[in-house]
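Q: Just so it is clear, I am handing over run.txt, which has compact mmCIF, C-alpha atoms.
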# COMPACT_ATOMS: atom_id res chain seq x y z
CA MET A 1 113.10 122.44 115.18
CA ARG A 2 109.43 123.22 115.63
CA ILE A 3 107.56 120.50 113.74
CA LEU A 4 103.84 120.43 113.08
CA ILE A 5 102.33 116.96 112.81
CA THR A 6 98.77 116.58 111.59
CA GLY A 7 97.09 113.42 112.81
CA GLY A 8 99.12 113.88 115.98
CA ALA A 9 97.01 111.44 118.03
CA GLY A 10 97.08 108.84 115.26
CA PHE A 11 99.05 105.61 115.10
CA ILE A 12 101.97 106.93 113.07
CA GLY A 13 101.67 110.56 114.23
CA SER A 14 101.93 109.84 117.94
CA THR A 15 104.85 107.42 117.51
CA LEU A 16 106.65 109.97 115.34
CA ALA A 17 105.99 112.73 117.88
CA LEU A 18 107.61 110.70 120.66
CA ARG A 19 110.75 110.13 118.57
CA LEU A 20 111.01 113.83 117.67
CA LEU A 21 110.49 114.90 121.29
CA ASP A 22 113.17 112.46 122.41
CA ARG A 23 115.72 114.12 120.13
CA GLY A 24 114.80 117.60 121.35
CA ASP A 25 112.38 118.92 118.75
CA GLU A 26 109.27 120.87 119.64
CA VAL A 27 106.07 119.27 118.33
CA ILE A 28 102.71 120.85 117.52
CA GLY A 29 100.17 118.01 117.20
CA VAL A 30 96.96 118.72 115.30
CA ASP A 31 94.12 116.20 115.46
CA ASN A 32 90.34 116.44 115.30
CA MET A 33 89.96 113.31 117.50
CA ASN A 34 87.09 111.99 115.38
CA ASP A 35 85.30 108.76 116.21
CA TYR A 36 86.25 106.77 113.10
CA TYR A 37 87.68 104.40 115.70
CA ASP A 38 87.96 104.26 119.50
CA VAL A 39 88.68 107.78 120.76
CA SER A 40 90.01 106.46 124.09
CA LEU A 41 92.92 104.86 122.22
CA LYS A 42 93.70 108.23 120.62
CA GLU A 43 93.52 109.88 124.05
CA ALA A 44 95.96 107.30 125.45
CA ARG A 45 98.41 107.94 122.61
CA LEU A 46 98.09 111.66 123.15
CA ALA A 47 98.70 111.31 126.90
CA ARG A 48 102.06 109.65 126.16
CA CYS A 49 103.10 112.64 124.05
CA LEU A 50 101.91 115.26 126.53
CA ALA A 51 103.81 113.51 129.33
CA LYS A 52 107.08 114.14 127.49
CA GLY A 53 107.00 117.92 127.52
CA GLY A 54 107.61 120.00 124.41
CA TYR A 55 104.31 118.85 122.90
CA THR A 56 101.48 121.26 122.14
CA GLU A 57 98.05 119.77 121.46
CA VAL A 58 95.74 121.49 118.98
CA ARG A 59 92.27 120.00 118.47
CA ALA A 60 91.28 121.06 114.99
CA ASP A 61 90.19 119.58 111.70
CA ILE A 62 92.57 120.11 108.78
CA ALA A 63 89.48 120.61 106.60
CA ASP A 64 88.68 123.75 108.65
CA ARG A 65 90.39 126.43 106.58
CA GLU A 66 90.31 129.19 109.17
CA ALA A 67 91.49 126.94 111.99
CA MET A 68 94.47 125.77 109.94
CA ARG A 69 95.31 129.34 108.94
CA GLU A 70 95.42 130.26 112.63
CA VAL A 71 97.56 127.24 113.57
CA PHE A 72 100.22 128.07 110.99
CA ALA A 73 100.16 131.78 111.82
CA GLN A 74 100.46 131.18 115.58
CA TYR A 75 103.07 128.43 115.68
CA LYS A 76 105.14 129.14 112.54
CA PRO A 77 106.45 125.56 112.20
CA HIS A 78 109.82 125.04 110.55
CA ARG A 79 108.72 121.75 109.03
CA VAL A 80 105.42 119.90 108.64
CA VAL A 81 104.47 116.22 108.53
CA ASN A 82 100.94 115.69 107.21
CA LEU A 83 99.58 112.36 108.46
CA ALA A 84 95.95 113.41 108.99
CA ALA A 85 93.62 111.72 106.55
CA GLN A 86 90.47 109.71 106.36
CA ALA A 87 91.99 106.24 106.14
CA GLY A 88 90.77 102.87 104.91
CA VAL A 89 90.04 101.46 101.48
CA ARG A 90 86.73 99.73 102.28
CA TYR A 91 85.32 102.70 104.20
CA SER A 92 85.95 104.89 101.14
CA ILE A 93 83.49 102.77 99.18
CA GLU A 94 80.74 103.48 101.72
CA ASN A 95 81.59 107.09 102.62
CA PRO A 96 83.45 108.70 99.73
CA LEU A 97 82.71 112.31 100.64
CA SER A 98 84.54 112.07 103.97
CA TYR A 99 87.70 111.41 101.91
CA VAL A 100 87.10 114.48 99.79
CA ASP A 101 86.81 116.66 102.91
CA SER A 102 89.89 115.42 104.76
CA ASN A 103 92.21 114.15 102.05
CA LEU A 104 91.60 116.81 99.42
CA LEU A 105 90.29 119.97 101.12
CA GLY A 106 92.33 119.30 104.24
CA PHE A 107 95.54 118.73 102.30
CA ALA A 108 94.95 121.93 100.30
CA ASN A 109 94.76 123.83 103.61
CA ILE A 110 98.08 122.29 104.69
CA LEU A 111 99.74 123.29 101.42
CA GLU A 112 98.44 126.85 101.79
CA GLY A 113 99.68 127.03 105.37
CA CYS A 114 103.14 125.90 104.27
CA ARG A 115 103.17 128.31 101.34
CA HIS A 116 102.28 131.40 103.38
CA ASN A 117 104.42 130.70 106.45
CA GLY A 118 107.86 129.89 105.11
CA VAL A 119 107.81 126.17 105.91
CA GLU A 120 111.18 124.62 105.04
CA HIS A 121 109.90 121.15 104.13
CA LEU A 122 106.55 119.35 103.94
CA VAL A 123 106.54 115.57 104.27
CA PHE A 124 103.16 113.96 103.61
CA ALA A 125 101.63 110.50 103.78
CA SER A 126 100.75 108.86 100.52
CA SER A 127 99.93 105.16 100.29
CA SER A 128 100.80 101.92 98.54
CA SER A 129 97.14 102.03 97.44
CA VAL A 130 98.12 104.45 94.65
CA TYR A 131 99.58 101.50 92.72
CA GLY A 132 96.01 100.31 92.14
CA ALA A 133 95.76 98.03 89.12
CA ASN A 134 99.55 97.81 88.67
CA THR A 135 100.82 94.22 88.69
CA ARG A 136 104.55 94.62 88.00
CA MET A 137 106.42 93.85 91.20
CA PRO A 138 108.04 95.28 93.19
CA PHE A 139 106.09 98.55 93.01
CA SER A 140 108.40 101.39 92.04
CA VAL A 141 107.91 105.12 92.58
CA HIS A 142 109.14 105.55 89.01
CA ASP A 143 106.15 103.63 87.60
CA ASN A 144 102.93 105.18 86.31
CA VAL A 145 100.11 105.08 88.89
CA ASP A 146 97.08 106.30 86.97
CA HIS A 147 94.67 103.45 87.73
CA PRO A 148 93.54 103.68 91.37
CA LEU A 149 90.97 101.11 92.55
CA SER A 150 89.39 103.12 95.39
CA LEU A 151 88.60 106.75 96.10
CA TYR A 152 91.04 106.56 99.02
CA ALA A 153 93.81 105.66 96.56
CA ALA A 154 92.69 108.41 94.18
CA THR A 155 92.88 111.04 96.94
CA LYS A 156 96.43 109.96 97.78
CA LYS A 157 97.47 110.21 94.15
CA ALA A 158 95.79 113.63 94.05
CA ASN A 159 97.85 114.69 97.08
CA GLU A 160 101.04 113.85 95.19
CA LEU A 161 99.91 115.96 92.23
CA MET A 162 98.81 118.86 94.43
CA ALA A 163 102.12 118.80 96.29
CA HIS A 164 104.08 118.86 93.05
CA THR A 165 102.16 121.92 91.91
CA TYR A 166 103.11 123.81 95.09
CA ALA A 167 106.71 122.69 94.73
CA HIS A 168 106.72 124.04 91.17
CA LEU A 169 104.81 127.28 91.71
CA TYR A 170 106.02 128.32 95.16
CA ASP A 171 109.34 126.47 95.49
CA LEU A 172 107.97 124.58 98.51
CA PRO A 173 110.10 121.46 99.16
CA VAL A 174 107.75 118.46 99.43
CA THR A 175 108.33 114.76 99.99
CA GLY A 176 105.59 112.15 99.63
CA LEU A 177 105.88 108.79 101.40
CA ARG A 178 103.98 105.78 100.12
CA PHE A 179 103.42 103.67 103.23
CA PHE A 180 102.96 99.91 102.92
CA THR A 181 100.58 98.20 105.44
CA VAL A 182 101.81 99.70 108.69
CA TYR A 183 101.36 97.63 111.88
CA GLY A 184 102.64 97.44 115.45
CA PRO A 185 101.93 98.59 119.02
CA TRP A 186 99.36 101.39 119.39
CA GLY A 187 97.97 100.51 115.94
CA ARG A 188 94.55 101.22 114.45
CA PRO A 189 91.63 98.99 115.49
CA ASP A 190 90.25 98.96 111.93
CA MET A 191 93.36 97.21 110.58
CA ALA A 192 93.75 93.46 110.13
CA LEU A 193 96.22 92.66 112.91
CA PHE A 194 94.16 94.48 115.53
CA LYS A 195 90.87 92.96 114.38
CA PHE A 196 92.35 89.47 114.10
CA THR A 197 93.89 89.62 117.58
CA LYS A 198 90.65 90.80 119.18
CA ALA A 199 88.54 88.17 117.40
CA ILE A 200 90.89 85.25 118.10
CA LEU A 201 91.10 86.08 121.81
CA GLU A 202 87.29 86.33 121.93
CA GLY A 203 86.87 83.02 120.09
CA LYS A 204 85.20 84.66 117.11
CA PRO A 205 85.92 83.91 113.43
CA ILE A 206 88.16 86.26 111.46
CA PRO A 207 87.27 87.40 107.92
CA VAL A 208 90.04 86.32 105.53
CA PHE A 209 89.57 88.01 102.17
CA ASN A 210 90.78 86.67 98.83
CA TYR A 211 90.73 83.26 100.56
CA GLY A 212 93.98 84.17 102.30
CA LYS A 213 95.92 84.54 99.04
CA HIS A 214 96.85 88.16 99.73
CA ARG A 215 100.50 89.12 100.01
CA ARG A 216 101.30 92.32 101.88
CA ASP A 217 104.51 94.22 102.47
CA PHE A 218 103.79 94.53 106.20
CA THR A 219 105.91 97.36 107.61
CA TYR A 220 106.58 97.77 111.32
CA ILE A 221 105.77 101.13 112.91
CA ASP A 222 109.34 101.85 114.09
CA ASP A 223 110.62 101.28 110.55
CA ILE A 224 108.02 103.69 109.19
CA VAL A 225 108.89 106.39 111.72
CA GLU A 226 112.62 106.05 111.06
CA GLY A 227 111.93 106.54 107.36
CA VAL A 228 109.76 109.60 108.04
CA ILE A 229 112.45 111.22 110.19
CA ARG A 230 115.23 110.56 107.71
CA THR A 231 113.26 112.03 104.83
CA LEU A 232 112.08 114.96 106.97
CA ASP A 233 115.71 115.79 107.72
CA LYS A 234 116.69 115.61 104.04
CA VAL A 235 114.90 118.55 102.43
CA ALA A 236 113.60 117.71 98.96
CA ALA A 237 115.64 119.25 96.15
CA PRO A 238 115.19 119.52 92.38
CA ASN A 239 116.55 116.74 90.21
CA PRO A 240 118.91 118.48 87.73
CA ALA A 241 118.78 115.44 85.43
CA TRP A 242 114.98 115.45 85.16
CA SER A 243 113.83 115.48 81.53
CA SER A 244 110.38 116.07 80.08
CA ASP A 245 111.29 113.70 77.24
CA THR A 246 111.50 110.78 79.71
CA PRO A 247 109.70 112.13 82.78
CA ASP A 248 110.42 110.47 86.12
CA SER A 249 107.30 110.52 88.30
CA ALA A 250 109.32 110.31 91.55
CA THR A 251 111.41 113.46 91.01
CA SER A 252 111.10 116.81 89.28
CA LYS A 253 112.78 120.05 88.29
CA ALA A 254 110.86 121.32 91.32
CA PRO A 255 111.90 120.39 94.90
CA TYR A 256 109.74 117.25 94.91
CA ARG A 257 110.42 113.64 95.91
CA LEU A 258 108.48 110.41 96.33
CA TYR A 259 109.57 107.32 98.29
CA ASN A 260 108.17 103.91 99.13
CA ILE A 261 108.49 102.86 102.76
CA GLY A 262 107.86 99.13 102.85
CA ASN A 263 109.54 96.08 104.27
CA ASN A 264 110.61 94.95 100.76
CA GLN A 265 109.59 91.41 101.79
CA PRO A 266 105.95 90.60 100.99
CA VAL A 267 104.36 88.09 103.35
CA GLU A 268 101.42 85.81 102.60
CA LEU A 269 98.38 86.61 104.72
CA MET A 270 98.18 83.00 105.92
CA HIS A 271 101.75 83.23 107.26
CA TYR A 272 100.86 86.50 109.00
CA ILE A 273 97.88 84.77 110.63
CA SER A 274 99.88 81.70 111.65
CA THR A 275 102.52 83.98 113.22
CA LEU A 276 99.76 85.71 115.18
CA GLU A 277 98.34 82.34 116.28
CA LYS A 278 101.74 81.32 117.66
CA CYS A 279 102.10 84.61 119.55
CA LEU A 280 98.60 84.28 121.02
CA GLY A 281 98.88 80.55 121.69
CA LYS A 282 95.47 80.11 120.09
CA LYS A 283 94.21 78.97 116.67
CA ALA A 284 92.04 81.21 114.53
CA GLU A 285 88.67 80.24 113.16
CA MET A 286 88.68 81.61 109.60
CA ASP A 287 85.81 82.80 107.43
CA LEU A 288 87.29 82.60 103.92
CA LEU A 289 85.87 85.29 101.62
CA PRO A 290 86.47 86.57 98.05
CA LEU A 291 88.57 89.61 97.15
CA GLN A 292 86.81 92.79 98.25
CA PRO A 293 86.09 95.76 95.95
CA GLY A 294 88.98 98.23 96.03
CA ASP A 295 91.49 95.69 97.37
CA VAL A 296 94.61 94.56 95.51
CA PRO A 297 95.94 90.99 95.76
CA ASP A 298 99.58 91.88 96.47
CA THR A 299 101.80 94.75 97.57
CA TYR A 300 105.60 94.76 97.38
CA ALA A 301 107.74 97.88 97.76
CA ASP A 302 110.88 98.75 95.85
CA THR A 303 112.76 100.75 98.52
CA GLN A 304 116.05 101.29 96.65
CA ASP A 305 115.57 105.06 96.41
CA LEU A 306 115.05 105.33 100.17
CA MET A 307 118.29 103.41 100.70
CA ASN A 308 120.18 105.47 98.13
CA ASP A 309 119.03 108.88 99.38
CA VAL A 310 118.76 108.51 103.17
CA ASP A 311 120.71 105.27 103.74
CA TYR A 312 117.75 103.39 105.18
CA LYS A 313 115.86 100.18 104.55
CA PRO A 314 113.09 98.87 106.84
CA ASN A 315 114.01 95.44 108.19
CA THR A 316 111.83 94.38 111.15
CA SER A 317 110.57 90.83 110.57
CA VAL A 318 106.89 89.98 110.82
CA GLU A 319 107.70 87.52 113.61
CA THR A 320 109.25 90.28 115.73
CA GLY A 321 106.67 92.91 114.86
CA VAL A 322 103.62 90.73 115.54
CA ALA A 323 105.09 89.54 118.86
CA ASN A 324 105.63 93.17 119.92
CA PHE A 325 102.06 94.03 118.97
CA VAL A 326 100.58 91.11 120.92
CA ALA A 327 102.62 92.02 123.99
CA TRP A 328 101.34 95.60 123.77
CA TYR A 329 97.72 94.49 123.16
CA ARG A 330 97.69 92.17 126.16
CA ASP A 331 99.13 94.89 128.37
CA PHE A 332 96.91 97.73 127.11
CA TYR A 333 93.65 95.76 127.23
CA LYS A 334 94.65 93.59 130.22
CA VAL A 335 93.97 90.26 128.48
Would you encode the structure as C-alpha cells?
A:
Amino acid sequence: MRILITGGAGFIGSTLALRLLDRGDEVIGVDNMNDYYDVSLKEARLARCLAKGGYTEVRADIADREAMREVFAQYKPHRVVNLAAQAGVRYSIENPLSYVDSNLLGFANILEGCRHNGVEHLVFASSSSVYGANTRMPFSVHDNVDHPLSLYAATKKANELMAHTYAHLYDLPVTGLRFFTVYGPWGRPDMALFKFTKAILEGKPIPVFNYGKHRRDFTYIDDIVEGVIRTLDKVAAPNPAWSSDTPDSATSKAPYRLYNIGNNQPVELMHYISTLEKCLGKKAEMDLLPLQPGDVPDTYADTQDLMNDVDYKPNTSVETGVANFVAWYRDFYKV
C-alpha cells in the first residue's frame, strides 16, 4: 500500500514508517520539521527512513491548506496515519494558539484530503489526555470524556468529533487511537524519560511533579506501533448494534472506531525513576513539586477492545523499555 504518515520525522511516525517499509509498503512522510525540540534528532530519525528506500519525504505543514491539497493530489495515498500535532500538555498552557493551528486546522486539512482523494482508511492520534477530570479506572473508550483539563486535550477530543462527522457525512472510515505515555528509543526530548536521563547523567536535579505520586500507563514505542499497524489494517466499519438510546462513544452507525493503546499496567512515577536509576547506575537528585495545571494524577488504559478487535495487547515491561531507551541514549549521544 501507499501510506501517508504525517509527523513522519516524529518519534512515533518514524518508527511506524520503518515497520511499514520493512513489510513492503510505500511511505509518504510529511513533516514541517519545526523547532519545538531538537531538529537534529528529527533529521536523524528521517535519515533512517530514507536509507530504507520506498520513503518519500515531504516538508510541509499540515496547517498549510494548499500544500496538503497538493500532497494528497500528487501521491494519492491508499491509507493515512495522522500523527502530526503540536504535542505537550504544559506547552498548551503557554502557547494555546499553536494547538489550534496544528491540531484543529491541520487535522481539518487531513480530513479534506482523505475525503477528496478516495482514502480507504484514516487512523489518527488521539491521547489519554482526553480523559481529563475522569477518575474511574481503568479509562474506557466507552466512557464520557467531556471534561478536558488542557487545550491540548480539548483539541484531541475535537479531532475525534471532527473525524466522526466525516465518517458520517462522507463514509470515510476513521479510527482514533488514544495513546498512553509513549516512551522508548528515539523518543521526544520534552518527555519525562528523556529529560530525567539527561539531567541525572549531568548531575542536575529532576523535577518530580505531584511529589512523585503520579501513576502512568507507560507504553513502549514498539507496542504503540504494533497497535497502529493492526488498526490500520482493519478498516473501521459501522457498528450495526449502535443505538441512539444508549449511545456508545467508541463506535457508531458510521465507519468510526476508537481504541486505547496503553500498557494496561499503571506504574508509579517513583518506580519509573528508580528503574531509570538502576539502568544508569546513578541516583537522581529530585526536586519534589506540586501537581501542575493541566496534569492528571493517574492514567490507566482499558485495552480490551483492542484485544477483541485486532488480537493485540501491549506488554513490554517498564524495566525492559527503560533499559532499551538508556542503551539507545548512551549510543546516540555518546555518553
Q: For Asp305 in chain A, work out the shell of residues within 9 Å, counting only C-alpha atoms and skipping chain neighbours fewer than 4 positions away, then give it as JSON, numbers by chain.
A: {"A": [141, 258, 259, 260, 309, 310, 311]}
Q: When distances are computed from all atoms listed in the file, which of A:Ile110, A:Ala9, A:Ala327, A:Ala236 shows the smallest separation from Ala250 in chain A?
A: A:Ala236
Q: Each residue of range 18-130 of chain A lying at most 12 Å from range 202-226 of chain A should get a row with its shortest atom-to-atom pair and the distance in Å to one decimal, counting all atoms listed in the file; could you produce that, ordered by chain and increasing number, as a Markdown table?
A:
| residue | atom | partner | partner_atom | distance |
| --- | --- | --- | --- | --- |
| A:Leu18 | CA | A:Val225 | CA | 10.0 |
| A:Arg19 | CA | A:Val225 | CA | 8.0 |
| A:Leu20 | CA | A:Val225 | CA | 9.8 |
| A:Val81 | CA | A:Val225 | CA | 11.2 |
| A:Leu83 | CA | A:Val225 | CA | 11.5 |
| A:Ala125 | CA | A:Ile224 | CA | 10.8 |
| A:Ser128 | CA | A:Asp217 | CA | 9.4 |
| A:Ser129 | CA | A:Arg216 | CA | 11.5 |
Q: What's the 12 Å shell around Ile229 in chain A, counting only C-alpha atoms, without same-chain residues fewer than 2 positions away, as a PDB file with C-alpha atoms, keeping the file's coordinate frame?
A:
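Here's the written file out_31.pdb:
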ATOM      1  CA  ILE A   3     107.560 120.500 113.740  1.00  0.00           C
ATOM      2  CA  ILE A   5     102.330 116.960 112.810  1.00  0.00           C
ATOM      3  CA  ILE A  12     101.970 106.930 113.070  1.00  0.00           C
ATOM      4  CA  GLY A  13     101.670 110.560 114.230  1.00  0.00           C
ATOM      5  CA  THR A  15     104.850 107.420 117.510  1.00  0.00           C
ATOM      6  CA  LEU A  16     106.650 109.970 115.340  1.00  0.00           C
ATOM      7  CA  ALA A  17     105.990 112.730 117.880  1.00  0.00           C
ATOM      8  CA  LEU A  18     107.610 110.700 120.660  1.00  0.00           C
ATOM      9  CA  ARG A  19     110.750 110.130 118.570  1.00  0.00           C
ATOM     10  CA  LEU A  20     111.010 113.830 117.670  1.00  0.00           C
ATOM     11  CA  LEU A  21     110.490 114.900 121.290  1.00  0.00           C
ATOM     12  CA  ARG A  23     115.720 114.120 120.130  1.00  0.00           C
ATOM     13  CA  ASP A  25     112.380 118.920 118.750  1.00  0.00           C
ATOM     14  CA  ARG A  79     108.720 121.750 109.030  1.00  0.00           C
ATOM     15  CA  VAL A  80     105.420 119.900 108.640  1.00  0.00           C
ATOM     16  CA  VAL A  81     104.470 116.220 108.530  1.00  0.00           C
ATOM     17  CA  HIS A 121     109.900 121.150 104.130  1.00  0.00           C
ATOM     18  CA  LEU A 122     106.550 119.350 103.940  1.00  0.00           C
ATOM     19  CA  VAL A 123     106.540 115.570 104.270  1.00  0.00           C
ATOM     20  CA  PHE A 124     103.160 113.960 103.610  1.00  0.00           C
ATOM     21  CA  THR A 175     108.330 114.760  99.990  1.00  0.00           C
ATOM     22  CA  LEU A 177     105.880 108.790 101.400  1.00  0.00           C
ATOM     23  CA  ASP A 222     109.340 101.850 114.090  1.00  0.00           C
ATOM     24  CA  ASP A 223     110.620 101.280 110.550  1.00  0.00           C
ATOM     25  CA  ILE A 224     108.020 103.690 109.190  1.00  0.00           C
ATOM     26  CA  VAL A 225     108.890 106.390 111.720  1.00  0.00           C
ATOM     27  CA  GLU A 226     112.620 106.050 111.060  1.00  0.00           C
ATOM     28  CA  GLY A 227     111.930 106.540 107.360  1.00  0.00           C
ATOM     29  CA  THR A 231     113.260 112.030 104.830  1.00  0.00           C
ATOM     30  CA  LEU A 232     112.080 114.960 106.970  1.00  0.00           C
ATOM     31  CA  ASP A 233     115.710 115.790 107.720  1.00  0.00           C
ATOM     32  CA  LYS A 234     116.690 115.610 104.040  1.00  0.00           C
ATOM     33  CA  VAL A 235     114.900 118.550 102.430  1.00  0.00           C
ATOM     34  CA  ILE A 261     108.490 102.860 102.760  1.00  0.00           C
ATOM     35  CA  LEU A 306     115.050 105.330 100.170  1.00  0.00           C
ATOM     36  CA  VAL A 310     118.760 108.510 103.170  1.00  0.00           C
ATOM     37  CA  TYR A 312     117.750 103.390 105.180  1.00  0.00           C
TER      38      TYR A 312
END
Q: Quote the spacing between CA of Thr251 in chain A and CA of His164 in chain A in Å to one decimal place.
A: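 So the answer is 9.3 Å.
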Q: Could you give me, as a VMD selection string, the residues that sit within 10 Å of (117.7, 98.1, 100.0) in the file's coordinates, counting only C-alpha atoms?
A: chain A and resid 263 to 264 302 to 308 311 to 315
Q: My list of candidates is A:Phe11, A:Trp242, A:Tyr99, A:Tyr91. Which is closest to Thr155 in chain A when distances are computed with all atoms listed in the file?
A: A:Tyr99
Q: Pick out the closest residue to Ser92 in chain A from this set: A:Leu169, A:Ala284, A:Leu149, A:Ala241. Count only C-alpha atoms.
A: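 Selected residue with least distance to Ser92 in chain A: A:Leu149.
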Q: Residues near Met33 in chain A, anyone? I mean within 10 Å using only C-alpha atoms, not counting same-chain ones fewer than 2 positions away, as a list in words.
A: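 Answer for this query is Gly7, Gly8, Ala9, Gly10, Val30, Asp31, Asp35, Tyr36, Tyr37, Asp38, Val39, Ser40, Lys42, Glu43, Arg59, Ala60 and Asp61 of chain A.
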Q: Taking (101.5, 94.9, 123.3) as a centre in this file's frame and 12 Å as the limit, can you find every polymer residue with an atom that close, using all atoms listed in the file, and give them as number ranges by chain?
A: A: 183-187, 193-194, 197, 279-280, 320-335
Q: Which residues, written as number ranges by chain, have at least one atom at most 10 Å from Asp171 in chain A, with all atoms listed in the file counted and residues fewer than 6 positions away on the same chain left out?
A: A: 115, 120, 164-165, 237-238, 254-256
Q: Could you please determine the separation between CA of Ile200 in chain A and CA of Asp287 in chain A in Å, to one decimal place?
A: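 Between CA of Ile200 in chain A and CA of Asp287 in chain A the gap works out to 12.1 Å.
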Q: Could you jot down the CA of Arg90 in chain A to CA of Asp190 in chain A separation for me, Å, one decimal place?
A: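 Taking CA of Arg90 in chain A and CA of Asp190 in chain A, their separation equals 10.3 Å.
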Q: Calculate, to one decimal in Å, the centre and edge lengths of the box along x, y and z of the file that holds all listed atoms of range 136-151 of chain A with 4 Å of margin on each side, and present them as AutoDock Vina command-line options.
A:
--center_x 98.9 --center_y 100.3 --center_z 91.2 --size_x 28.5 --size_y 20.9 --size_z 17.8
Q: Which of these, A:His78, A:Lys198, A:His142, A:His147, has the shortest distance to Pro173 in chain A once you count all atoms listed in the file?
A: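 Answer, going by the shortest atom-to-atom distance: A:His78.
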Q: Do a neighbour search on Gly294 in chain A at 9 Å with all atoms listed in the file, toss out local chain neighbours closer than 6 positions, and write the hits as a ChimeraX atom specification.
A: /A:89-90,92-93,132,148-151,153
Q: Write the residues you've just listed into a file as an mmCIF file, in the frame of the given file, and include C-alpha atoms for each of them.
A:
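Result file is result_4.cif:
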data_model
loop_
_atom_site.group_PDB
_atom_site.id
_atom_site.type_symbol
_atom_site.label_atom_id
_atom_site.label_comp_id
_atom_site.auth_asym_id
_atom_site.auth_seq_id
_atom_site.Cartn_x
_atom_site.Cartn_y
_atom_site.Cartn_z
ATOM 1 C CA VAL A 89 90.040 101.460 101.480
ATOM 2 C CA ARG A 90 86.730 99.730 102.280
ATOM 3 C CA SER A 92 85.950 104.890 101.140
ATOM 4 C CA ILE A 93 83.490 102.770 99.180
ATOM 5 C CA GLY A 132 96.010 100.310 92.140
ATOM 6 C CA PRO A 148 93.540 103.680 91.370
ATOM 7 C CA LEU A 149 90.970 101.110 92.550
ATOM 8 C CA SER A 150 89.390 103.120 95.390
ATOM 9 C CA LEU A 151 88.600 106.750 96.100
ATOM 10 C CA ALA A 153 93.810 105.660 96.560
#
Q: Just add all heavy atoms to range 162-167 of chain A and send it as a JSON list (two decimals), keeping the file's coordinate frame.
A:
[["chain", "number", "residue", "atom", "x", "y", "z"],
["A", 162, "MET", "N", 98.97, 117.55, 93.80],
["A", 162, "MET", "CA", 98.81, 118.86, 94.43],
["A", 162, "MET", "C", 100.14, 119.35, 95.01],
["A", 162, "MET", "O", 100.53, 120.51, 94.84],
["A", 162, "MET", "CB", 97.75, 118.79, 95.53],
["A", 162, "MET", "CG", 96.34, 118.51, 95.02],
["A", 162, "MET", "SD", 95.23, 117.90, 96.31],
["A", 162, "MET", "CE", 94.98, 119.39, 97.29],
["A", 163, "ALA", "N", 100.84, 118.44, 95.68],
["A", 163, "ALA", "CA", 102.12, 118.80, 96.29],
["A", 163, "ALA", "C", 103.13, 119.22, 95.23],
["A", 163, "ALA", "O", 103.89, 120.19, 95.42],
["A", 163, "ALA", "CB", 102.66, 117.63, 97.12],
["A", 164, "HIS", "N", 103.14, 118.49, 94.12],
["A", 164, "HIS", "CA", 104.08, 118.86, 93.05],
["A", 164, "HIS", "C", 103.79, 120.26, 92.52],
["A", 164, "HIS", "O", 104.70, 121.04, 92.24],
["A", 164, "HIS", "CB", 104.03, 117.87, 91.89],
["A", 164, "HIS", "CG", 105.00, 118.21, 90.80],
["A", 164, "HIS", "ND1", 104.66, 119.02, 89.72],
["A", 164, "HIS", "CD2", 106.32, 117.92, 90.65],
["A", 164, "HIS", "CE1", 105.72, 119.19, 88.96],
["A", 164, "HIS", "NE2", 106.74, 118.52, 89.50],
["A", 165, "THR", "N", 102.53, 120.59, 92.41],
["A", 165, "THR", "CA", 102.16, 121.92, 91.91],
["A", 165, "THR", "C", 102.71, 123.01, 92.83],
["A", 165, "THR", "O", 103.25, 124.03, 92.36],
["A", 165, "THR", "CB", 100.63, 122.05, 91.82],
["A", 165, "THR", "OG1", 100.12, 121.01, 90.99],
["A", 165, "THR", "CG2", 100.22, 123.39, 91.25],
["A", 166, "TYR", "N", 102.59, 122.81, 94.14],
["A", 166, "TYR", "CA", 103.11, 123.81, 95.09],
["A", 166, "TYR", "C", 104.63, 123.86, 95.07],
["A", 166, "TYR", "O", 105.23, 124.93, 95.23],
["A", 166, "TYR", "CB", 102.59, 123.52, 96.50],
["A", 166, "TYR", "CG", 101.24, 124.16, 96.76],
["A", 166, "TYR", "CD1", 100.10, 123.72, 96.11],
["A", 166, "TYR", "CD2", 101.11, 125.25, 97.62],
["A", 166, "TYR", "CE1", 98.87, 124.30, 96.33],
["A", 166, "TYR", "CE2", 99.88, 125.85, 97.85],
["A", 166, "TYR", "CZ", 98.76, 125.38, 97.19],
["A", 166, "TYR", "OH", 97.54, 125.97, 97.40],
["A", 167, "ALA", "N", 105.26, 122.70, 94.86],
["A", 167, "ALA", "CA", 106.71, 122.69, 94.73],
["A", 167, "ALA", "C", 107.14, 123.51, 93.51],
["A", 167, "ALA", "O", 108.11, 124.28, 93.56],
["A", 167, "ALA", "CB", 107.22, 121.25, 94.62]]
